[in-house]
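*Asks:* Sharing a structure below in structure tokens format, with a few things to ask.
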Amino acid sequence: MEAFLHQVIGGLATGGIYASVALALVMIHQATHLLNFAQGEMAMFSTYIAWALINAGVPYWAAFFLTIAFAFVLGLAIQHFVMRNIRTTSVLQLVIVFIGLLVIFNSVAGWIFTYTIKVFPSPFPKGALWGQKYLSPHELGAICVTLVVLTLLWAFFRFTSLGLAMRAAAQNPGSSRLVGIRVAWMLALGWGLAAAVGAVAGMMVAPIVYLDPNMMAGILLYAFAAALIGGIDSPGGAVLGGFLVGVLENVLGAYVVGNELKLGVALVLIIGVLLVKPSGLFGSVQVTRV
Amino acid sequence: MSAPLLDVVDLHAGYGLTRVLHGISFSMEEGSITTLLGANGAGKTTTLRALCAMIRPQGEVRFRGERVDARATEDIVRLGIGHVPEGRGTFVHLSTEENLRLGAYVRKDRAEVEKDFDRIYAYFPRLAERRRQQAGTLSGGEQQMLAVSRALMLRPRLLLLDEPSFGLAPLIVRELFEILRTINQKERVSILLVEQNAAMALDLADRAYLIETGRVVLSGSATDVKNNDAVRASYLGY
């Protein structure tokens, strides 16, 4: 029983990471109706920036926020200089662009920082937390950071007029222009925010999985599963899906499929959801009156 | 004499290789209601789209004396031109209230915006009842009212209306046109109205332009146009 609890709580910790990346995926999907396969690599690249800053002597939290700012600008730049100039509506061609970005970020990170695995520091204390061994301070900290990020994002989209404008621009670009919204900038802002959320996830997961150019490959798959379970158009669903996938992965890995086949859980989940309930748990089947 | 509110000279526009407008010219005075009449495909909607740069126009468009034909849609809106597009342009997944809030997106006078909600809800009480409802689930008439209200939330100087009567029951059309008249008279909002329902449009408007295959073929006061024999035969049906 104790071991089971350990698996569940550990799953929640990694689930928070999946939730963040899944949320970044959902944000880009809502704006563009596409899945950004490069989301994980962008997060990985940002994490390297944090690593470089910390190694240069910048205090952790300063590096943390500088990295978020860097990721935001990176996302903005990708939309502004790359995606905006791609004049194709073919989904297949766009997917190739995303995969191209994935490979570029992966290779550039390897080229600059080498493929040697690096230790990435945690801002949270080491040792046991309140004398229990289920949850390390870093895991608890990562969950808290994730929840703070999610709450801030939710409040931004729910209560600010900029957030409302971003939702409007994603849904109906034509009408948005007619009320004066600069749609291209809203899209760029969406990319920036998604990249920033991804960067936070990267910095929170790096102390657990260690930093290397391929660290996000598996995580992106879990995040895809999370986003699909929650419903690809539901930010709240993506978050819940993230925690669910984290727990499932751990529990099934420990008791059913074994550690080596853990990643298979994500793939089975993806296929299962698409077969049984393609709109996910919270994805809306939109109602429109004509 | 002051410059007209809107002055359009030799406007050309189209979609891809298809030219729809072949040199439309007209102007309208501040405070007036002007209507563009014409059959399906004459170029009425295209004219409104070209005015708002939803499609790129050639020719001259002046708003209050200033050239606007090279500007982006977002900037033209900021000058005070509200557009109720063909098909209403509802943000179907957002609530009624959020749709209205988006209408005031470019305004900085927050307190006045809040007051305008009450003003709009007084004109259209149905929208007040449905303020939390997803806009896509509103009836056609309600969505049309919402579209007009969204444009009014901009506090426009000029309101462009594209077929507001389309798909609505006659009673609702009459109600809507009454409100448009009130808005024009009480709030000095000038209105450029595109309509297929020529009889209703001519009752409301001061001036009218008749468009056929992308050109203005007749213009004059609404009364004169209404009494023109050709217009009566082709558009009014008596």
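Every chain in the structure tokens takes a letter, A first, then B, and so on in the order presented; its residues are numbered from 1, and the ligands are numbered from 1 following the presented order.
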If the cut-off is 6 Å, can you tell me the residues of chain B near chain A, counting only C-alpha atoms? I'd like them as a PyMOL selection string.
*Replies:* chain B and resi 74+77+89+103+136-137
*Asks:* Selection from above, C-alpha atoms, as a CSV table (one decimal), in the first residue's frame, can you write it?
*Replies:*
```csv
chain,number,residue,atom,x,y,z
B,74,GLU,CA,-7.7,47.2,-37.5
B,77,VAL,CA,-11.9,50.4,-37.1
B,89,GLY,CA,-19.6,37.6,-37.6
B,103,GLY,CA,-16.8,45.5,-29.7
B,136,GLY,CA,-23.7,30.7,-31.0
B,137,THR,CA,-26.9,29.4,-29.4
```
*Asks:* Just the residues within 7 Å of Ile68 (chain A), please, counting only C-alpha atoms, with nothing from its chain fewer than 5 positions along; format it as a list of chain:residue names.
*Replies:*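 What passes the distance filter is A:Ala196, A:Ala199, A:Val200.
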*Asks:* Deliver the residues from the most recent selection as a file, using N, CA and C atoms, as a PDB file, in the first residue's frame.
*Replies:*
```pdb
ATOM      1  N   ALA A 196       6.695  30.076 -23.096  1.00  0.00           N
ATOM      2  CA  ALA A 196       7.051  30.391 -21.717  1.00  0.00           C
ATOM      3  C   ALA A 196       6.586  29.283 -20.775  1.00  0.00           C
ATOM      4  N   ALA A 199       8.842  26.415 -21.117  1.00  0.00           N
ATOM      5  CA  ALA A 199      10.133  26.642 -20.473  1.00  0.00           C
ATOM      6  C   ALA A 199      10.061  26.323 -18.984  1.00  0.00           C
ATOM      7  N   VAL A 200       8.952  26.731 -18.353  1.00  0.00           N
ATOM      8  CA  VAL A 200       8.775  26.419 -16.933  1.00  0.00           C
ATOM      9  C   VAL A 200       8.775  24.904 -16.740  1.00  0.00           C
TER      10      VAL A 200
END
```
*Asks:* Write out as a Markdown table a residue-level contact list of region 84-132 of chain B versus region 47-58 of chain B with cut-off 10 Å: for each qualifying residue the closest pair of atoms and the distance in Å to one decimal, counting only C-alpha atoms, rows sorted by chain and residue number upward.
*Replies:*
```
| residue | atom | partner | partner_atom | distance |
| --- | --- | --- | --- | --- |
| B:Val84 | CA | B:Leu48 | CA | 9.6 |
| B:Pro85 | CA | B:Arg49 | CA | 8.3 |
| B:Glu86 | CA | B:Arg49 | CA | 9.5 |
```
*Asks:* Would you write out those residues with N, CA and C atoms, as a PDB file, in the first residue's frame?
*Replies:*
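part13.pdb, freshly written:
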```pdb
ATOM      1  N   VAL B  84     -20.942  45.784 -39.422  1.00  0.00           N
ATOM      2  CA  VAL B  84     -21.731  44.581 -39.143  1.00  0.00           C
ATOM      3  C   VAL B  84     -21.677  43.732 -40.401  1.00  0.00           C
ATOM      4  N   PRO B  85     -20.825  42.690 -40.396  1.00  0.00           N
ATOM      5  CA  PRO B  85     -20.558  42.016 -41.663  1.00  0.00           C
ATOM      6  C   PRO B  85     -21.684  41.083 -42.084  1.00  0.00           C
ATOM      7  N   GLU B  86     -21.629  40.723 -43.352  1.00  0.00           N
ATOM      8  CA  GLU B  86     -22.528  39.703 -43.882  1.00  0.00           C
ATOM      9  C   GLU B  86     -22.344  38.440 -43.041  1.00  0.00           C
TER      10      GLU B  86
END
```
*Asks:* Tell me which protein, DNA and RNA residues are within 12 Å of Asn250 (chain A), counting only C-alpha atoms, leaving out same-chain ones fewer than 6 positions away, and put them as a PyMOL selection string.
*Replies:* chain A and resi 3-15+222+243-244+256-266
*Asks:* Applying 12 Å and only C-alpha atoms, which residues near region 228-237 of chain A remain after dropping the ones on its own chain fewer than 6 positions away? List them as a PyMOL selection string.
*Replies:* (chain A and resi 18-35+147+150-151+153-154+157-158+167+170-171+194+221-222+243-245+266-286) or (chain B and resi 93)
*Asks:* Write to file, as a JSON list (two decimals), in the first residue's frame, the residues of the selection just made, with C-alpha atoms.
*Replies:*
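The result, written out as result-v2.json:
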```
[["chain", "number", "residue", "atom", "x", "y", "z"],
["A", 18, "TYR", "CA", 3.03, 16.79, -18.57],
["A", 19, "ALA", "CA", 0.17, 19.12, -17.71],
["A", 20, "SER", "CA", 2.29, 22.19, -18.46],
["A", 21, "VAL", "CA", 3.51, 20.89, -21.81],
["A", 22, "ALA", "CA", 0.00, 19.68, -22.67],
["A", 23, "LEU", "CA", -1.33, 23.13, -21.86],
["A", 24, "ALA", "CA", 1.25, 24.72, -24.17],
["A", 25, "LEU", "CA", 0.12, 22.32, -26.92],
["A", 26, "VAL", "CA", -3.53, 23.18, -26.34],
["A", 27, "MET", "CA", -2.82, 26.91, -26.47],
["A", 28, "ILE", "CA", -1.15, 26.67, -29.87],
["A", 29, "HIS", "CA", -3.85, 24.30, -31.06],
["A", 30, "GLN", "CA", -6.60, 26.71, -30.10],
["A", 31, "ALA", "CA", -4.97, 29.50, -32.05],
["A", 32, "THR", "CA", -3.88, 27.53, -35.11],
["A", 33, "HIS", "CA", -5.69, 24.16, -34.96],
["A", 34, "LEU", "CA", -2.31, 22.49, -35.22],
["A", 35, "LEU", "CA", -0.15, 20.50, -32.85],
["A", 147, "LEU", "CA", -0.37, 25.11, -10.37],
["A", 150, "LEU", "CA", -1.90, 27.40, -14.63],
["A", 151, "THR", "CA", -3.82, 29.71, -12.31],
["A", 153, "LEU", "CA", -2.87, 31.68, -17.29],
["A", 154, "TRP", "CA", -6.48, 30.91, -16.45],
["A", 157, "PHE", "CA", -7.59, 34.42, -20.35],
["A", 158, "ARG", "CA", -10.64, 34.73, -18.16],
["A", 167, "ARG", "CA", -9.49, 33.89, -27.54],
["A", 170, "ALA", "CA", -8.19, 32.28, -32.34],
["A", 171, "GLN", "CA", -11.88, 31.64, -32.97],
["A", 194, "ALA", "CA", 3.02, 28.69, -24.90],
["A", 221, "LEU", "CA", 4.52, 12.04, -26.03],
["A", 222, "TYR", "CA", 3.02, 11.95, -22.54],
["A", 243, "PHE", "CA", -1.90, 14.55, -13.84],
["A", 244, "LEU", "CA", -3.88, 11.49, -14.90],
["A", 245, "VAL", "CA", -1.23, 10.39, -17.37],
["A", 266, "ALA", "CA", 1.31, 6.98, -23.50],
["A", 267, "LEU", "CA", 0.97, 5.51, -26.97],
["A", 268, "VAL", "CA", -1.81, 3.14, -25.94],
["A", 269, "LEU", "CA", -3.62, 6.05, -24.30],
["A", 270, "ILE", "CA", -3.32, 8.19, -27.44],
["A", 271, "ILE", "CA", -4.70, 5.46, -29.68],
["A", 272, "GLY", "CA", -7.33, 4.47, -27.12],
["A", 273, "VAL", "CA", -8.68, 7.99, -26.76],
["A", 274, "LEU", "CA", -8.77, 8.53, -30.51],
["A", 275, "LEU", "CA", -10.68, 5.28, -30.94],
["A", 276, "VAL", "CA", -13.15, 5.60, -28.10],
["A", 277, "LYS", "CA", -13.70, 9.29, -27.44],
["A", 278, "PRO", "CA", -11.87, 11.50, -29.94],
["A", 279, "SER", "CA", -13.06, 14.73, -28.32],
["A", 280, "GLY", "CA", -11.51, 13.72, -24.98],
["A", 281, "LEU", "CA", -13.03, 13.99, -21.52],
["A", 282, "PHE", "CA", -13.68, 17.72, -21.58],
["A", 283, "GLY", "CA", -13.34, 18.55, -25.25],
["A", 284, "SER", "CA", -16.52, 20.19, -26.35],
["A", 285, "VAL", "CA", -18.51, 18.99, -29.28],
["A", 286, "GLN", "CA", -19.34, 22.55, -30.24],
["B", 93, "HIS", "CA", -18.09, 30.24, -28.60]]
```
*Asks:* Mind pulling up the distance from CA of Gly246 (chain A) to CA of Ala52 (chain A)?
*Replies:*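 Between CA of Ala52 (chain A) and CA of Gly246 (chain A) the gap works out to 28.9 Å.
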*Asks:* Going by DSSP on the backbone, which bits of region 43-226 of chain B are helix (DSSP H, G or I)? Write them as a ChimeraX atom specification, please.
*Replies:* /B:44-51,73-78,96-103,110-123,125-129,135-137,140-152,170-187,198-204,222-226
*Asks:* Can you measure CA of Thr46 (chain B) to CA of Leu152 (chain B) for me? One decimal in Å is fine.
*Replies:*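 Going from CA of Thr46 (chain B) over to CA of Leu152 (chain B) covers 21.7 Å.
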*Asks:* So that I can see what lies close to Gly43 (chain B), please list as a PDB file with N, CA and C atoms, in the first residue's frame the residues with an atom at most 12 Å from it, counting only C-alpha atoms and leaving out residues fewer than 6 positions away in the same chain.
*Replies:*
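Final output, around24.pdb:
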```pdb
ATOM      1  N   LEU B  11     -13.838  53.376 -56.983  1.00  0.00           N
ATOM      2  CA  LEU B  11     -13.405  52.209 -56.212  1.00  0.00           C
ATOM      3  C   LEU B  11     -13.467  50.937 -57.067  1.00  0.00           C
ATOM      4  N   HIS B  12     -12.336  50.255 -57.129  1.00  0.00           N
ATOM      5  CA  HIS B  12     -12.260  48.964 -57.818  1.00  0.00           C
ATOM      6  C   HIS B  12     -11.855  47.902 -56.799  1.00  0.00           C
ATOM      7  N   ALA B  13     -12.458  46.732 -56.903  1.00  0.00           N
ATOM      8  CA  ALA B  13     -12.035  45.639 -56.023  1.00  0.00           C
ATOM      9  C   ALA B  13     -12.583  44.331 -56.563  1.00  0.00           C
ATOM     10  N   GLY B  14     -12.062  43.232 -56.069  1.00  0.00           N
ATOM     11  CA  GLY B  14     -12.551  41.938 -56.511  1.00  0.00           C
ATOM     12  C   GLY B  14     -11.888  40.833 -55.726  1.00  0.00           C
ATOM     13  N   TYR B  15     -12.132  39.614 -56.159  1.00  0.00           N
ATOM     14  CA  TYR B  15     -11.581  38.450 -55.478  1.00  0.00           C
ATOM     15  C   TYR B  15     -10.713  37.697 -56.462  1.00  0.00           C
ATOM     16  N   THR B  18     -11.264  37.784 -60.387  1.00  0.00           N
ATOM     17  CA  THR B  18     -12.619  38.251 -60.655  1.00  0.00           C
ATOM     18  C   THR B  18     -12.797  39.679 -60.157  1.00  0.00           C
ATOM     19  N   ARG B  19     -12.982  40.610 -61.050  1.00  0.00           N
ATOM     20  CA  ARG B  19     -13.251  41.993 -60.648  1.00  0.00           C
ATOM     21  C   ARG B  19     -14.737  42.143 -60.370  1.00  0.00           C
ATOM     22  N   VAL B  20     -15.078  42.728 -59.230  1.00  0.00           N
ATOM     23  CA  VAL B  20     -16.491  42.887 -58.873  1.00  0.00           C
ATOM     24  C   VAL B  20     -16.908  44.352 -58.974  1.00  0.00           C
ATOM     25  N   LEU B  21     -16.063  45.239 -58.495  1.00  0.00           N
ATOM     26  CA  LEU B  21     -16.367  46.669 -58.544  1.00  0.00           C
ATOM     27  C   LEU B  21     -15.598  47.315 -59.697  1.00  0.00           C
ATOM     28  N   HIS B  22     -16.339  48.066 -60.524  1.00  0.00           N
ATOM     29  CA  HIS B  22     -15.696  48.685 -61.683  1.00  0.00           C
ATOM     30  C   HIS B  22     -15.792  50.198 -61.562  1.00  0.00           C
ATOM     31  N   GLY B  23     -15.324  50.748 -60.478  1.00  0.00           N
ATOM     32  CA  GLY B  23     -15.324  52.198 -60.354  1.00  0.00           C
ATOM     33  C   GLY B  23     -16.572  52.743 -59.694  1.00  0.00           C
ATOM     34  N   ILE B  24     -16.748  52.399 -58.413  1.00  0.00           N
ATOM     35  CA  ILE B  24     -17.894  52.905 -57.651  1.00  0.00           C
ATOM     36  C   ILE B  24     -17.520  54.254 -57.047  1.00  0.00           C
ATOM     37  N   LEU B  36     -27.114  51.503 -50.061  1.00  0.00           N
ATOM     38  CA  LEU B  36     -26.682  50.973 -51.351  1.00  0.00           C
ATOM     39  C   LEU B  36     -27.632  49.844 -51.713  1.00  0.00           C
ATOM     40  N   LEU B  37     -28.315  50.005 -52.835  1.00  0.00           N
ATOM     41  CA  LEU B  37     -29.266  48.988 -53.257  1.00  0.00           C
ATOM     42  C   LEU B  37     -28.731  48.249 -54.472  1.00  0.00           C
ATOM     43  N   ARG B  49     -16.784  45.613 -47.888  1.00  0.00           N
ATOM     44  CA  ARG B  49     -15.532  44.928 -47.560  1.00  0.00           C
ATOM     45  C   ARG B  49     -14.331  45.751 -47.995  1.00  0.00           C
ATOM     46  N   ALA B  50     -14.455  46.379 -49.159  1.00  0.00           N
ATOM     47  CA  ALA B  50     -13.341  47.182 -49.661  1.00  0.00           C
ATOM     48  C   ALA B  50     -13.130  48.417 -48.777  1.00  0.00           C
ATOM     49  N   ASP B 162     -24.409  45.322 -43.282  1.00  0.00           N
ATOM     50  CA  ASP B 162     -24.540  44.467 -44.453  1.00  0.00           C
ATOM     51  C   ASP B 162     -25.748  43.545 -44.296  1.00  0.00           C
ATOM     52  N   VAL B 194     -26.510  48.440 -46.545  1.00  0.00           N
ATOM     53  CA  VAL B 194     -26.612  47.624 -47.747  1.00  0.00           C
ATOM     54  C   VAL B 194     -27.816  46.709 -47.586  1.00  0.00           C
ATOM     55  N   GLU B 195     -28.722  46.733 -48.529  1.00  0.00           N
ATOM     56  CA  GLU B 195     -29.953  45.941 -48.358  1.00  0.00           C
ATOM     57  C   GLU B 195     -30.468  45.387 -49.672  1.00  0.00           C
ATOM     58  N   GLN B 196     -31.067  44.216 -49.569  1.00  0.00           N
ATOM     59  CA  GLN B 196     -31.849  43.713 -50.696  1.00  0.00           C
ATOM     60  C   GLN B 196     -33.311  44.091 -50.528  1.00  0.00           C
ATOM     61  N   TYR B 209     -28.122  54.880 -53.390  1.00  0.00           N
ATOM     62  CA  TYR B 209     -27.354  54.637 -54.608  1.00  0.00           C
ATOM     63  C   TYR B 209     -27.741  53.254 -55.111  1.00  0.00           C
ATOM     64  N   LEU B 210     -28.004  53.177 -56.381  1.00  0.00           N
ATOM     65  CA  LEU B 210     -28.356  51.883 -56.961  1.00  0.00           C
ATOM     66  C   LEU B 210     -27.124  51.344 -57.686  1.00  0.00           C
ATOM     67  N   ILE B 211     -26.739  50.122 -57.333  1.00  0.00           N
ATOM     68  CA  ILE B 211     -25.553  49.515 -57.927  1.00  0.00           C
ATOM     69  C   ILE B 211     -25.957  48.369 -58.840  1.00  0.00           C
ATOM     70  N   GLU B 212     -25.410  48.367 -60.047  1.00  0.00           N
ATOM     71  CA  GLU B 212     -25.603  47.234 -60.949  1.00  0.00           C
ATOM     72  C   GLU B 212     -24.246  46.839 -61.492  1.00  0.00           C
ATOM     73  N   THR B 213     -23.941  45.565 -61.443  1.00  0.00           N
ATOM     74  CA  THR B 213     -22.660  44.992 -61.889  1.00  0.00           C
ATOM     75  C   THR B 213     -21.468  45.898 -61.606  1.00  0.00           C
ATOM     76  N   GLY B 214     -21.347  46.295 -60.355  1.00  0.00           N
ATOM     77  CA  GLY B 214     -20.143  46.983 -59.905  1.00  0.00           C
ATOM     78  C   GLY B 214     -20.055  48.457 -60.256  1.00  0.00           C
ATOM     79  N   ARG B 215     -21.170  49.056 -60.678  1.00  0.00           N
ATOM     80  CA  ARG B 215     -21.165  50.496 -60.964  1.00  0.00           C
ATOM     81  C   ARG B 215     -22.406  51.135 -60.362  1.00  0.00           C
ATOM     82  N   VAL B 216     -22.300  52.414 -59.995  1.00  0.00           N
ATOM     83  CA  VAL B 216     -23.472  53.149 -59.546  1.00  0.00           C
ATOM     84  C   VAL B 216     -24.247  53.581 -60.783  1.00  0.00           C
TER      85      VAL B 216
END
```
*Asks:* What's around Glu129 (chain B) at 12 Å? Count only C-alpha atoms, leave out sequence neighbours fewer than 5 positions away in its own chain, and write the answer as a PyMOL selection string.
*Replies:* chain B and resi 95-97+121-122+124+138+142
*Asks:* Could you turn the residues from that selection into a file that holds N, CA and C atoms, as a PDB file, in the first residue's frame?
*Replies:*
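Output (result_1.pdb):
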```
ATOM      1  N   SER B  95     -19.544  34.309 -24.810  1.00  0.00           N
ATOM      2  CA  SER B  95     -20.861  34.710 -24.335  1.00  0.00           C
ATOM      3  C   SER B  95     -21.288  36.016 -25.009  1.00  0.00           C
ATOM      4  N   THR B  96     -22.578  36.308 -24.880  1.00  0.00           N
ATOM      5  CA  THR B  96     -23.118  37.553 -25.417  1.00  0.00           C
ATOM      6  C   THR B  96     -22.343  38.748 -24.878  1.00  0.00           C
ATOM      7  N   GLU B  97     -22.125  38.721 -23.572  1.00  0.00           N
ATOM      8  CA  GLU B  97     -21.439  39.851 -22.938  1.00  0.00           C
ATOM      9  C   GLU B  97     -20.008  39.988 -23.457  1.00  0.00           C
ATOM     10  N   TYR B 121     -28.310  47.285 -23.657  1.00  0.00           N
ATOM     11  CA  TYR B 121     -29.338  46.395 -23.114  1.00  0.00           C
ATOM     12  C   TYR B 121     -30.700  47.079 -23.079  1.00  0.00           C
ATOM     13  N   ALA B 122     -30.699  48.418 -23.014  1.00  0.00           N
ATOM     14  CA  ALA B 122     -31.970  49.130 -23.059  1.00  0.00           C
ATOM     15  C   ALA B 122     -32.566  49.048 -24.469  1.00  0.00           C
ATOM     16  N   PHE B 124     -31.873  46.615 -26.656  1.00  0.00           N
ATOM     17  CA  PHE B 124     -32.147  45.207 -26.950  1.00  0.00           C
ATOM     18  C   PHE B 124     -32.258  44.398 -25.659  1.00  0.00           C
ATOM     19  N   LEU B 138     -27.718  31.679 -29.732  1.00  0.00           N
ATOM     20  CA  LEU B 138     -28.775  32.678 -29.877  1.00  0.00           C
ATOM     21  C   LEU B 138     -29.513  32.461 -31.199  1.00  0.00           C
ATOM     22  N   GLU B 142     -31.596  37.381 -32.702  1.00  0.00           N
ATOM     23  CA  GLU B 142     -30.791  37.828 -31.558  1.00  0.00           C
ATOM     24  C   GLU B 142     -29.343  38.046 -31.972  1.00  0.00           C
TER      25      GLU B 142
END
```
*Asks:* One decimal, Å: what's the distance from CA of Pro121 (chain A) over to CA of Ile17 (chain A), could you say?
*Replies:* 16.2 Å
*Asks:* Please provide the set of residues having any atom within 9 Å of Val8 (chain B), restricted to only C-alpha atoms, with same-chain residues fewer than 2 positions apart removed, written as a list in words.
*Replies:*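 So the residues in contact are Leu6, Asp10, Leu11, Ile24, Ser25, Phe26, Ser27, Met28, Leu51, Gly59, Glu60, Val61, Arg62 and Phe63 of chain B.
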*Asks:* Would you save the residues from that selection as a CSV table (one decimal), in the first residue's frame, using N, CA and C atoms?
*Replies:*
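Result went into selection32.csv, see below:
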```
chain,number,residue,atom,x,y,z
B,6,LEU,N,-17.9,60.4,-45.6
B,6,LEU,CA,-17.2,59.4,-46.4
B,6,LEU,C,-17.3,59.7,-47.9
B,10,ASP,N,-14.1,56.2,-57.5
B,10,ASP,CA,-13.6,55.2,-58.5
B,10,ASP,C,-13.0,54.0,-57.8
B,11,LEU,N,-13.8,53.4,-57.0
B,11,LEU,CA,-13.4,52.2,-56.2
B,11,LEU,C,-13.5,50.9,-57.1
B,24,ILE,N,-16.7,52.4,-58.4
B,24,ILE,CA,-17.9,52.9,-57.7
B,24,ILE,C,-17.5,54.3,-57.0
B,25,SER,N,-18.4,55.2,-57.2
B,25,SER,CA,-18.2,56.5,-56.5
B,25,SER,C,-19.5,56.9,-55.8
B,26,PHE,N,-19.3,57.3,-54.6
B,26,PHE,CA,-20.4,57.9,-53.8
B,26,PHE,C,-19.9,58.6,-52.6
B,27,SER,N,-20.7,59.4,-52.0
B,27,SER,CA,-20.3,60.1,-50.8
B,27,SER,C,-21.5,60.2,-49.8
B,28,MET,N,-21.2,60.4,-48.6
B,28,MET,CA,-22.3,60.5,-47.6
B,28,MET,C,-21.9,61.6,-46.6
B,51,LEU,N,-14.2,49.0,-48.3
B,51,LEU,CA,-14.1,50.2,-47.4
B,51,LEU,C,-13.3,49.8,-46.2
B,59,GLY,N,-8.4,52.8,-55.8
B,59,GLY,CA,-9.3,53.9,-55.8
B,59,GLY,C,-9.1,54.7,-54.6
B,60,GLU,N,-10.0,55.7,-54.4
B,60,GLU,CA,-9.8,56.6,-53.2
B,60,GLU,C,-10.9,56.5,-52.3
B,61,VAL,N,-10.6,56.3,-51.0
B,61,VAL,CA,-11.6,56.3,-49.9
B,61,VAL,C,-11.2,57.3,-48.9
B,62,ARG,N,-12.0,58.3,-48.7
B,62,ARG,CA,-11.6,59.3,-47.7
B,62,ARG,C,-12.7,59.3,-46.6
B,63,PHE,N,-12.2,59.2,-45.3
B,63,PHE,CA,-13.1,59.3,-44.2
B,63,PHE,C,-12.8,60.5,-43.4
```
